[in-house]
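K.L.:
This is entry31.cif (mmCIF, C-alpha atoms).
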```
data_target
#
loop_
_atom_site.group_PDB
_atom_site.id
_atom_site.type_symbol
_atom_site.label_atom_id
_atom_site.label_comp_id
_atom_site.auth_asym_id
_atom_site.auth_seq_id
_atom_site.Cartn_x
_atom_site.Cartn_y
_atom_site.Cartn_z
ATOM 1 C CA MET A 6 42.518 -123.529 71.568
ATOM 2 C CA GLN A 7 39.000 -124.884 72.113
ATOM 3 C CA GLU A 8 37.991 -123.908 68.551
ATOM 4 C CA GLN A 9 41.086 -125.639 67.138
ATOM 5 C CA ARG A 10 40.233 -128.772 69.114
ATOM 6 C CA LYS A 11 36.646 -128.652 67.817
ATOM 7 C CA ALA A 12 37.816 -128.207 64.217
ATOM 8 C CA SER A 13 40.258 -131.079 64.598
ATOM 9 C CA ASN A 14 37.524 -133.306 66.010
ATOM 10 C CA THR A 15 35.207 -132.440 63.106
ATOM 11 C CA THR A 16 37.933 -133.240 60.609
ATOM 12 C CA THR A 17 38.723 -136.631 62.119
ATOM 13 C CA SER A 18 35.035 -137.476 62.353
ATOM 14 C CA GLU A 19 34.593 -136.655 58.660
ATOM 15 C CA ILE A 20 37.582 -138.848 57.761
ATOM 16 C CA VAL A 21 35.992 -141.794 59.573
ATOM 17 C CA LEU A 22 32.587 -140.980 58.074
ATOM 18 C CA GLU A 23 33.858 -140.885 54.473
ATOM 19 C CA SER A 24 35.847 -144.081 54.919
ATOM 20 C CA LEU A 25 32.995 -146.080 56.481
ATOM 21 C CA ARG A 26 30.426 -144.723 54.028
ATOM 22 C CA GLU A 27 32.593 -145.731 51.067
ATOM 23 C CA GLN A 28 33.233 -149.203 52.518
ATOM 24 C CA ILE A 29 29.501 -149.766 53.053
ATOM 25 C CA ILE A 30 28.378 -148.487 49.658
ATOM 26 C CA ASN A 31 31.168 -150.258 47.753
ATOM 27 C CA GLY A 32 30.356 -153.517 49.559
ATOM 28 C CA THR A 33 33.538 -153.922 51.628
ATOM 29 C CA LEU A 34 31.363 -153.873 54.732
ATOM 30 C CA GLN A 35 28.386 -156.211 54.307
ATOM 31 C CA PRO A 36 24.782 -155.887 55.597
ATOM 32 C CA GLN A 37 24.392 -157.063 59.202
ATOM 33 C CA GLU A 38 28.155 -156.716 59.780
ATOM 34 C CA LYS A 39 28.869 -155.388 63.269
ATOM 35 C CA LEU A 40 30.622 -152.021 63.639
ATOM 36 C CA VAL A 41 32.504 -151.838 66.928
ATOM 37 C CA GLU A 42 33.446 -148.321 68.069
ATOM 38 C CA ALA A 43 36.601 -149.390 69.882
ATOM 39 C CA GLU A 44 37.895 -151.434 66.923
ATOM 40 C CA ILE A 45 37.228 -148.628 64.434
ATOM 41 C CA ALA A 46 38.857 -146.066 66.714
ATOM 42 C CA GLN A 47 41.941 -148.263 67.070
ATOM 43 C CA LYS A 48 42.149 -148.752 63.314
ATOM 44 C CA PHE A 49 42.137 -144.984 62.719
ATOM 45 C CA GLY A 50 44.297 -144.195 65.743
ATOM 46 C CA LEU A 51 41.559 -141.999 67.231
ATOM 47 C CA SER A 52 39.465 -141.681 70.347
ATOM 48 C CA ARG A 53 35.955 -143.117 70.249
ATOM 49 C CA GLY A 54 34.291 -139.664 70.074
ATOM 50 C CA PRO A 55 34.829 -138.998 66.338
ATOM 51 C CA VAL A 56 33.861 -142.601 65.548
ATOM 52 C CA ARG A 57 30.628 -142.215 67.502
ATOM 53 C CA GLU A 58 29.812 -139.032 65.567
ATOM 54 C CA ALA A 59 30.469 -140.772 62.254
ATOM 55 C CA LEU A 60 28.229 -143.713 63.186
ATOM 56 C CA ARG A 61 25.420 -141.337 64.195
ATOM 57 C CA GLN A 62 25.585 -139.671 60.779
ATOM 58 C CA LEU A 63 25.606 -143.031 58.989
ATOM 59 C CA ALA A 64 22.528 -144.044 60.987
ATOM 60 C CA PHE A 65 20.824 -140.837 59.802
ATOM 61 C CA GLU A 66 21.744 -141.745 56.223
ATOM 62 C CA GLY A 67 20.154 -145.177 56.574
ATOM 63 C CA LEU A 68 23.464 -147.010 56.167
ATOM 64 C CA VAL A 69 23.806 -148.126 59.796
ATOM 65 C CA ASP A 70 21.339 -149.597 62.288
ATOM 66 C CA TYR A 71 21.753 -148.792 65.982
ATOM 67 C CA CYS A 72 20.319 -151.014 68.694
ATOM 68 C CA PRO A 73 20.682 -150.069 72.395
ATOM 69 C CA ASN A 74 23.027 -152.404 74.287
ATOM 70 C CA LYS A 75 23.987 -154.117 71.013
ATOM 71 C CA GLY A 76 25.683 -151.336 69.074
ATOM 72 C CA CYS A 77 25.777 -150.660 65.340
ATOM 73 C CA THR A 78 25.519 -152.890 62.301
ATOM 74 C CA VAL A 79 25.581 -152.215 58.564
ATOM 75 C CA ALA A 80 22.002 -151.774 57.325
ATOM 76 C CA LEU A 81 19.873 -151.441 54.226
ATOM 77 C CA LEU A 82 16.702 -149.376 53.958
ATOM 78 C CA SER A 83 13.563 -151.296 54.870
ATOM 79 C CA PRO A 84 11.246 -152.019 51.908
ATOM 80 C CA GLN A 85 8.821 -149.304 53.039
ATOM 81 C CA ASP A 86 11.568 -146.725 53.644
ATOM 82 C CA ALA A 87 13.156 -147.447 50.265
ATOM 83 C CA TYR A 88 9.847 -147.001 48.451
ATOM 84 C CA GLU A 89 9.095 -143.733 50.269
ATOM 85 C CA VAL A 90 12.509 -142.247 49.480
ATOM 86 C CA PHE A 91 12.253 -143.162 45.786
ATOM 87 C CA PHE A 92 8.681 -141.817 45.581
ATOM 88 C CA LEU A 93 9.412 -138.544 47.392
ATOM 89 C CA ARG A 94 12.621 -137.786 45.536
ATOM 90 C CA GLY A 95 10.987 -138.448 42.174
ATOM 91 C CA SER A 96 7.970 -136.326 43.086
ATOM 92 C CA LEU A 97 10.152 -133.380 44.083
ATOM 93 C CA GLU A 98 12.099 -133.561 40.828
ATOM 94 C CA LYS A 99 8.866 -133.681 38.819
ATOM 95 C CA LEU A 100 7.645 -130.576 40.654
ATOM 96 C CA ALA A 101 10.922 -128.831 39.866
ATOM 97 C CA ILE A 102 10.897 -129.706 36.171
ATOM 98 C CA GLN A 103 7.235 -128.689 35.864
ATOM 99 C CA LYS A 104 7.942 -125.356 37.596
ATOM 100 C CA SER A 105 10.795 -124.627 35.183
ATOM 101 C CA ASN A 106 8.715 -125.856 32.223
ATOM 102 C CA CYS A 107 11.587 -128.207 31.398
ATOM 103 C CA ARG A 108 13.989 -125.332 30.708
ATOM 104 C CA LEU A 109 17.466 -125.640 32.166
ATOM 105 C CA SER A 110 20.424 -123.358 31.590
ATOM 106 C CA ASP A 111 23.213 -124.356 29.215
ATOM 107 C CA TYR A 112 25.491 -124.491 32.262
ATOM 108 C CA SER A 113 23.221 -127.002 34.029
ATOM 109 C CA LEU A 114 23.018 -129.125 30.884
ATOM 110 C CA MET A 115 26.821 -129.099 30.660
ATOM 111 C CA ILE A 116 27.103 -130.251 34.291
ATOM 112 C CA MET A 117 24.566 -133.017 33.669
ATOM 113 C CA GLU A 118 26.464 -134.226 30.606
ATOM 114 C CA ALA A 119 29.744 -134.289 32.556
ATOM 115 C CA SER A 120 28.102 -136.129 35.454
ATOM 116 C CA ILE A 121 26.829 -138.823 33.067
ATOM 117 C CA GLU A 122 30.399 -139.418 31.934
ATOM 118 C CA ASP A 123 31.528 -139.550 35.579
ATOM 119 C CA PHE A 124 28.697 -142.007 36.235
ATOM 120 C CA ARG A 125 29.771 -144.150 33.285
ATOM 121 C CA LYS A 126 33.373 -144.296 34.506
ATOM 122 C CA ALA A 127 32.268 -145.121 38.052
ATOM 123 C CA VAL A 128 30.042 -147.958 36.836
ATOM 124 C CA LEU A 129 32.832 -149.421 34.690
ATOM 125 C CA ALA A 130 35.232 -149.185 37.636
ATOM 126 C CA GLY A 131 32.683 -150.729 40.004
ATOM 127 C CA ASN A 132 32.946 -147.696 42.286
ATOM 128 C CA THR A 133 29.455 -147.230 43.711
ATOM 129 C CA MET A 134 30.462 -144.276 45.866
ATOM 130 C CA LYS A 135 31.562 -142.254 42.841
ATOM 131 C CA ALA A 136 28.412 -143.317 41.001
ATOM 132 C CA VAL A 137 26.343 -141.978 43.916
ATOM 133 C CA HIS A 138 28.116 -138.603 43.736
ATOM 134 C CA ALA A 139 27.664 -138.398 39.960
ATOM 135 C CA ASP A 140 23.986 -139.301 40.232
ATOM 136 C CA GLU A 141 23.434 -136.636 42.883
ATOM 137 C CA THR A 142 25.156 -133.981 40.765
ATOM 138 C CA PHE A 143 22.969 -134.872 37.782
ATOM 139 C CA HIS A 144 19.638 -134.741 39.619
ATOM 140 C CA LEU A 145 20.535 -131.625 41.591
ATOM 141 C CA GLN A 146 20.472 -129.653 38.333
ATOM 142 C CA ILE A 147 16.824 -130.633 37.865
ATOM 143 C CA ILE A 148 16.005 -129.415 41.375
ATOM 144 C CA HIS A 149 17.876 -126.135 40.877
ATOM 145 C CA SER A 150 15.878 -125.433 37.714
ATOM 146 C CA ALA A 151 12.786 -124.582 39.799
ATOM 147 C CA GLN A 152 14.637 -121.840 41.704
ATOM 148 C CA LEU A 153 12.641 -122.643 44.847
ATOM 149 C CA ASN A 154 14.792 -122.682 47.974
ATOM 150 C CA ARG A 155 12.371 -124.699 50.096
ATOM 151 C CA LEU A 156 11.972 -127.319 47.377
ATOM 152 C CA THR A 157 15.757 -127.606 47.177
ATOM 153 C CA LYS A 158 16.015 -127.981 50.969
ATOM 154 C CA MET A 159 13.352 -130.700 50.971
ATOM 155 C CA TRP A 160 15.274 -132.611 48.292
ATOM 156 C CA GLU A 161 18.536 -132.157 50.185
ATOM 157 C CA LEU A 162 16.958 -133.714 53.296
ATOM 158 C CA LEU A 163 16.631 -136.918 51.258
ATOM 159 C CA SER A 164 20.050 -136.568 49.666
ATOM 160 C CA PRO A 165 21.994 -138.351 52.455
ATOM 161 C CA LEU A 166 19.881 -141.444 51.729
ATOM 162 C CA ASN A 167 21.100 -141.611 48.123
ATOM 163 C CA GLY A 168 23.754 -144.168 48.982
ATOM 164 C CA ALA A 169 21.189 -146.330 50.769
ATOM 165 C CA MET A 170 18.959 -146.083 47.689
ATOM 166 C CA PHE A 171 21.759 -147.406 45.488
ATOM 167 C CA LEU A 172 22.347 -150.280 47.897
ATOM 168 C CA SER A 173 18.636 -151.119 47.853
ATOM 169 C CA VAL A 174 18.674 -151.290 44.051
ATOM 170 C CA GLN A 175 21.821 -153.412 44.009
ATOM 171 C CA ASN A 176 20.269 -155.781 46.536
ATOM 172 C CA ALA A 177 17.108 -156.036 44.411
ATOM 173 C CA ASN A 178 19.202 -156.763 41.305
ATOM 174 C CA ARG A 179 20.858 -159.663 43.125
ATOM 175 C CA LEU A 180 17.432 -161.105 43.964
ATOM 176 C CA GLU A 181 16.259 -160.900 40.339
ATOM 177 C CA PRO A 182 19.447 -161.234 38.273
ATOM 178 C CA ASN A 183 17.824 -162.753 35.188
ATOM 179 C CA THR A 184 15.326 -159.947 34.609
ATOM 180 C CA PRO A 185 17.406 -156.785 34.260
ATOM 181 C CA ASP A 186 15.464 -153.528 34.300
ATOM 182 C CA PRO A 187 17.119 -150.841 32.134
ATOM 183 C CA SER A 188 15.715 -148.089 34.345
ATOM 184 C CA THR A 189 17.034 -149.468 37.621
ATOM 185 C CA SER A 190 20.260 -151.396 37.046
ATOM 186 C CA HIS A 191 23.239 -149.676 38.640
ATOM 187 C CA LYS A 192 25.626 -152.447 37.595
ATOM 188 C CA GLY A 193 26.042 -151.580 33.938
ATOM 189 C CA GLY A 194 25.338 -149.271 31.068
ATOM 190 C CA ALA A 195 21.556 -149.416 31.531
ATOM 191 C CA ALA A 196 21.615 -146.821 34.310
ATOM 192 C CA VAL A 197 23.858 -144.576 32.211
ATOM 193 C CA TRP A 198 21.401 -144.957 29.326
ATOM 194 C CA THR A 199 18.501 -143.902 31.576
ATOM 195 C CA HIS A 200 20.282 -140.695 32.592
ATOM 196 C CA GLN A 201 21.186 -140.005 28.970
ATOM 197 C CA CYS A 202 17.523 -140.348 27.970
ATOM 198 C CA LEU A 203 16.537 -137.907 30.705
ATOM 199 C CA LEU A 204 19.113 -135.396 29.523
ATOM 200 C CA GLU A 205 17.980 -135.645 25.892
ATOM 201 C CA ALA A 206 14.322 -135.140 26.850
ATOM 202 C CA ILE A 207 15.288 -132.033 28.839
ATOM 203 C CA ARG A 208 17.442 -130.712 25.974
ATOM 204 C CA ILE A 209 14.448 -130.658 23.644
ATOM 205 C CA ASN A 210 12.152 -129.276 26.380
ATOM 206 C CA ASP A 211 9.871 -132.314 26.284
ATOM 207 C CA LEU A 212 8.161 -131.931 29.662
ATOM 208 C CA GLN A 213 5.883 -134.974 29.369
ATOM 209 C CA ALA A 214 8.696 -137.318 28.332
ATOM 210 C CA THR A 215 10.887 -136.007 31.173
ATOM 211 C CA CYS A 216 8.142 -136.566 33.749
ATOM 212 C CA ASP A 217 7.489 -140.066 32.377
ATOM 213 C CA LEU A 218 11.189 -140.907 32.590
ATOM 214 C CA LEU A 219 11.379 -139.598 36.163
ATOM 215 C CA ASP A 220 8.408 -141.802 37.078
ATOM 216 C CA GLN A 221 10.145 -144.779 35.493
ATOM 217 C CA HIS A 222 13.453 -143.945 37.152
ATOM 218 C CA TYR A 223 12.032 -143.452 40.638
ATOM 219 C CA GLU A 224 8.524 -144.726 41.312
ATOM 220 C CA GLU A 225 8.783 -147.935 39.277
ATOM 221 C CA THR A 226 12.203 -148.572 40.825
ATOM 222 C CA GLY A 227 10.742 -148.039 44.285
ATOM 223 C CA ARG A 228 7.934 -150.506 43.620
ATOM 224 C CA ARG A 229 10.366 -153.094 42.293
ATOM 225 C CA VAL A 230 12.719 -152.725 45.265
ATOM 226 C CA TYR A 231 9.744 -152.948 47.642
ATOM 227 C CA ARG A 232 8.422 -156.109 45.988
ATOM 228 C CA LEU A 233 11.768 -157.896 45.890
ATOM 229 C CA SER A 234 12.701 -156.850 49.426
ATOM 230 C CA LEU A 235 9.429 -158.270 50.729
ATOM 231 C CA MET A 236 10.140 -161.444 48.767
ATOM 232 C CA LYS A 237 13.498 -161.711 50.531
ATOM 233 C CA GLU A 238 11.922 -161.150 53.950
ATOM 234 C CA GLN A 239 9.324 -163.826 53.160
ATOM 235 C CA ALA A 240 12.091 -166.228 52.118
ATOM 236 C CA ILE A 241 13.954 -165.642 55.383
ATOM 237 C CA GLY A 242 10.758 -166.225 57.361
ATOM 238 C CA ASP A 243 9.992 -169.413 55.470
ATOM 239 C CA ARG A 244 13.503 -170.758 56.059
ATOM 240 C CA ILE A 245 13.074 -170.120 59.760
ATOM 241 C CA ASN A 246 9.784 -172.051 59.682
ATOM 242 C CA GLY A 247 11.334 -174.966 57.806
ATOM 243 C CA PHE A 248 10.423 -173.988 54.253
ATOM 244 C CA LEU A 249 12.365 -172.579 51.337
ATOM 245 C CA TYR A 250 10.613 -169.952 49.214
ATOM 246 C CA VAL A 251 11.503 -169.610 45.541
ATOM 247 C CA PRO A 252 10.200 -166.952 43.103
ATOM 248 C CA GLY A 253 6.845 -167.992 41.659
ATOM 249 C CA GLY A 254 5.305 -168.721 45.011
ATOM 250 C CA ILE A 255 6.602 -172.295 45.400
ATOM 251 C CA LEU A 256 7.368 -173.579 48.874
ATOM 252 C CA ILE A 257 9.872 -176.421 49.254
ATOM 253 C CA SER A 258 10.189 -178.204 52.569
#
```
When written as structure tokens, how does the structure in this file appear?
P.N.:
Amino acid sequence: MQEQRKASNTTTSEIVLESLREQIINGTLQPQEKLVEAEIAQKFGLSRGPVREALRQLAFEGLVDYCPNKGCTVALLSPQDAYEVFFLRGSLEKLAIQKSNCRLSDYSLMIMEASIEDFRKAVLAGNTMKAVHADETFHLQIIHSAQLNRLTKMWELLSPLNGAMFLSVQNANRLEPNTPDPSTSHKGGAAVWTHQCLLEAIRINDLQATCDLLDQHYEETGRRVYRLSLMKEQAIGDRINGFLYVPGGILIS
């Protein structure tokens, strides 16, 4: 009976978790929006226990901020955290592709090709959650190519932050809408094109091109997100102090 109760609790917690995660990543729940345990529990017809578990997991994934005595709010990765996640994930994938000498199985290549199509459909449908899953499936094949269990586990520790990474990129794109970056845009075909280029480089076993593309996809994206996020923080600070910051370093009182 106790095991059944535990299994039931896990199931309900996962239902809440999936629902809240999808709402955050797809933009239904906005940054800084308050998440009240009691209200969420009432909406799902559950006790507060499963909701609390779901919020803890979302905090681990970087999608929720928790403040003692104030509760939870929808969050985005800080500029520093976003850069570190992009840098580390890209570095691990470069290690994997170097270890395998850019040789993946036909099965892995087939999965990557299918995931690009899933990514394309998700982008066209505006479904960020499905795009996140497709992206993870694609890059996991690169990690598996190394056949190093500890490397895979290290990458998987960062995997829950994938959704937060996508949100960071989307937020950066909103701050710099007139200068689209084909390696970082998750709003259109540019991101699909980037993954397609990666796949083609791997198909022909071009290790250097693959590593260069991974650098472009991750490290340059991380730097761009970091720069634009700091710009946003500066703008908020300047508004508080009675100034309005605009790109180019101009202050307007």
K.L.:
Apply the PyMOL selection byres ((chain A and resi 216) around 10) to the structure shown and report the selected residues as a list in words.
P.N.:
Gly95, Ser96, Glu98, Lys99, Leu100, Ile102, Gln103, Cys107, Leu203, Ala206, Ile207, Asp211, Leu212, Gln213, Ala214, Thr215, Asp217, Leu218, Leu219, Asp220, Gln221 and His222 of chain A
K.L.:
By how many Å are CA of Ala80 in chain A and CA of Gly67 in chain A apart?
P.N.:
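Pair CA of Ala80 in chain A / CA of Gly67 in chain A returns 6.9 Å.
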K.L.:
Could you spell out the hits of the PyMOL selection byres ((chain A and resi 108-123) around 12) on the shown file, as a PDB file with C-alpha atoms, in the coordinates of the input?
P.N.:
```
ATOM      1  CA  ALA A 101      10.922-128.831  39.866  1.00  0.00           C
ATOM      2  CA  ILE A 102      10.897-129.706  36.171  1.00  0.00           C
ATOM      3  CA  GLN A 103       7.235-128.689  35.864  1.00  0.00           C
ATOM      4  CA  LYS A 104       7.942-125.356  37.596  1.00  0.00           C
ATOM      5  CA  SER A 105      10.795-124.627  35.183  1.00  0.00           C
ATOM      6  CA  ASN A 106       8.715-125.856  32.223  1.00  0.00           C
ATOM      7  CA  CYS A 107      11.587-128.207  31.398  1.00  0.00           C
ATOM      8  CA  PHE A 124      28.697-142.007  36.235  1.00  0.00           C
ATOM      9  CA  ARG A 125      29.771-144.150  33.285  1.00  0.00           C
ATOM     10  CA  LYS A 126      33.373-144.296  34.506  1.00  0.00           C
ATOM     11  CA  ALA A 127      32.268-145.121  38.052  1.00  0.00           C
ATOM     12  CA  VAL A 128      30.042-147.958  36.836  1.00  0.00           C
ATOM     13  CA  LEU A 129      32.832-149.421  34.690  1.00  0.00           C
ATOM     14  CA  ALA A 130      35.232-149.185  37.636  1.00  0.00           C
ATOM     15  CA  ASN A 132      32.946-147.696  42.286  1.00  0.00           C
ATOM     16  CA  THR A 133      29.455-147.230  43.711  1.00  0.00           C
ATOM     17  CA  MET A 134      30.462-144.276  45.866  1.00  0.00           C
ATOM     18  CA  LYS A 135      31.562-142.254  42.841  1.00  0.00           C
ATOM     19  CA  ALA A 136      28.412-143.317  41.001  1.00  0.00           C
ATOM     20  CA  VAL A 137      26.343-141.978  43.916  1.00  0.00           C
ATOM     21  CA  HIS A 138      28.116-138.603  43.736  1.00  0.00           C
ATOM     22  CA  ALA A 139      27.664-138.398  39.960  1.00  0.00           C
ATOM     23  CA  ASP A 140      23.986-139.301  40.232  1.00  0.00           C
ATOM     24  CA  GLU A 141      23.434-136.636  42.883  1.00  0.00           C
ATOM     25  CA  THR A 142      25.156-133.981  40.765  1.00  0.00           C
ATOM     26  CA  PHE A 143      22.969-134.872  37.782  1.00  0.00           C
ATOM     27  CA  HIS A 144      19.638-134.741  39.619  1.00  0.00           C
ATOM     28  CA  LEU A 145      20.535-131.625  41.591  1.00  0.00           C
ATOM     29  CA  GLN A 146      20.472-129.653  38.333  1.00  0.00           C
ATOM     30  CA  ILE A 147      16.824-130.633  37.865  1.00  0.00           C
ATOM     31  CA  ILE A 148      16.005-129.415  41.375  1.00  0.00           C
ATOM     32  CA  HIS A 149      17.876-126.135  40.877  1.00  0.00           C
ATOM     33  CA  SER A 150      15.878-125.433  37.714  1.00  0.00           C
ATOM     34  CA  ALA A 151      12.786-124.582  39.799  1.00  0.00           C
ATOM     35  CA  GLN A 152      14.637-121.840  41.704  1.00  0.00           C
ATOM     36  CA  GLY A 194      25.338-149.271  31.068  1.00  0.00           C
ATOM     37  CA  ALA A 195      21.556-149.416  31.531  1.00  0.00           C
ATOM     38  CA  ALA A 196      21.615-146.821  34.310  1.00  0.00           C
ATOM     39  CA  VAL A 197      23.858-144.576  32.211  1.00  0.00           C
ATOM     40  CA  TRP A 198      21.401-144.957  29.326  1.00  0.00           C
ATOM     41  CA  THR A 199      18.501-143.902  31.576  1.00  0.00           C
ATOM     42  CA  HIS A 200      20.282-140.695  32.592  1.00  0.00           C
ATOM     43  CA  GLN A 201      21.186-140.005  28.970  1.00  0.00           C
ATOM     44  CA  CYS A 202      17.523-140.348  27.970  1.00  0.00           C
ATOM     45  CA  LEU A 203      16.537-137.907  30.705  1.00  0.00           C
ATOM     46  CA  LEU A 204      19.113-135.396  29.523  1.00  0.00           C
ATOM     47  CA  GLU A 205      17.980-135.645  25.892  1.00  0.00           C
ATOM     48  CA  ALA A 206      14.322-135.140  26.850  1.00  0.00           C
ATOM     49  CA  ILE A 207      15.288-132.033  28.839  1.00  0.00           C
ATOM     50  CA  ARG A 208      17.442-130.712  25.974  1.00  0.00           C
ATOM     51  CA  ILE A 209      14.448-130.658  23.644  1.00  0.00           C
ATOM     52  CA  ASN A 210      12.152-129.276  26.380  1.00  0.00           C
ATOM     53  CA  ASP A 211       9.871-132.314  26.284  1.00  0.00           C
ATOM     54  CA  LEU A 212       8.161-131.931  29.662  1.00  0.00           C
ATOM     55  CA  THR A 215      10.887-136.007  31.173  1.00  0.00           C
TER      56      THR A 215
END
```
K.L.:
Of the candidates A:Val90, A:Leu235, A:Ala43, A:Val69, which shows the shortest atom-to-atom distance to Asn167 in chain A, using all atoms listed in the file?
P.N.:
A:Val90
K.L.:
Can you sort out the box for range 59-74 of chain A, edges along x, y and z, all listed atoms in, 8 Å on every side, with centre and edge lengths in Å to one decimal, as JSON?
P.N.:
```
{"center_x": 25.3, "center_y": -146.0, "center_z": 65.2, "size_x": 26.3, "size_y": 28.7, "size_z": 34.1}
```
K.L.:
Using Å and a single decimal, report how far CA of Ala64 in chain A sits from CA of Gly76 in chain A.
P.N.:
11.3 Å
K.L.:
From the list A:Thr17, A:Asn74, A:Ser24, A:Gln175, which residue is nearest Gly54 in chain A when using all atoms listed in the file?
P.N.:
A:Thr17
K.L.:
State, in Å with one decimal place, the distance from CA of Val79 in chain A to CA of Ile45 in chain A.
P.N.:
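Pair CA of Val79 in chain A / CA of Ile45 in chain A returns 13.5 Å.
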K.L.:
Using only C-alpha atoms for the distances, tell me which of A:Tyr223, A:Leu156, A:Met170, A:Arg232 is nearest to Ile30 in chain A.
P.N.:
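Checking each candidate against Ile30 in chain A, we get A:Met170 as the closest.
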K.L.:
Can you tell me which residues surround Glu19 in chain A at a distance of at most 10 Å, considering only C-alpha atoms, apart from same-chain residues fewer than 6 positions away, and format the answer as a list in words?
P.N.:
Ser13, Leu25, Pro55, Val56, Glu58, Ala59 and Gln62 of chain A
K.L.:
Keeping just N, CA and C atoms, export range 38-50 of chain A of this structure as a JSON list (two decimals), in the first residue's frame.
P.N.:
```json
[["chain", "number", "residue", "atom", "x", "y", "z"],
["A", 38, "GLU", "N", 7.01, 35.79, -12.96],
["A", 38, "GLU", "CA", 5.64, 35.45, -12.56],
["A", 38, "GLU", "C", 5.67, 34.55, -11.33],
["A", 39, "LYS", "N", 4.82, 34.85, -10.37],
["A", 39, "LYS", "CA", 4.81, 34.12, -9.10],
["A", 39, "LYS", "C", 4.10, 32.78, -9.26],
["A", 40, "LEU", "N", 4.67, 31.74, -8.65],
["A", 40, "LEU", "CA", 4.09, 30.40, -8.68],
["A", 40, "LEU", "C", 3.67, 30.03, -7.26],
["A", 41, "VAL", "N", 2.38, 30.03, -7.03],
["A", 41, "VAL", "CA", 1.85, 29.79, -5.68],
["A", 41, "VAL", "C", 1.45, 28.33, -5.54],
["A", 42, "GLU", "N", 2.07, 27.64, -4.58],
["A", 42, "GLU", "CA", 1.81, 26.21, -4.38],
["A", 42, "GLU", "C", 0.33, 25.89, -4.25],
["A", 43, "ALA", "N", -0.35, 26.63, -3.39],
["A", 43, "ALA", "CA", -1.76, 26.34, -3.12],
["A", 43, "ALA", "C", -2.61, 26.49, -4.38],
["A", 44, "GLU", "N", -2.34, 27.53, -5.17],
["A", 44, "GLU", "CA", -3.11, 27.77, -6.39],
["A", 44, "GLU", "C", -2.87, 26.67, -7.43],
["A", 45, "ILE", "N", -1.61, 26.26, -7.56],
["A", 45, "ILE", "CA", -1.27, 25.20, -8.51],
["A", 45, "ILE", "C", -1.89, 23.88, -8.09],
["A", 46, "ALA", "N", -1.83, 23.59, -6.79],
["A", 46, "ALA", "CA", -2.41, 22.36, -6.26],
["A", 46, "ALA", "C", -3.91, 22.32, -6.51],
["A", 47, "GLN", "N", -4.58, 23.45, -6.30],
["A", 47, "GLN", "CA", -6.02, 23.53, -6.53],
["A", 47, "GLN", "C", -6.36, 23.32, -8.00],
["A", 48, "LYS", "N", -5.54, 23.89, -8.88],
["A", 48, "LYS", "CA", -5.76, 23.77, -10.31],
["A", 48, "LYS", "C", -5.69, 22.31, -10.76],
["A", 49, "PHE", "N", -4.73, 21.56, -10.19],
["A", 49, "PHE", "CA", -4.55, 20.16, -10.56],
["A", 49, "PHE", "C", -5.38, 19.21, -9.71],
["A", 50, "GLY", "N", -6.05, 19.74, -8.69],
["A", 50, "GLY", "CA", -6.83, 18.88, -7.81],
["A", 50, "GLY", "C", -5.96, 17.96, -6.97]]
```
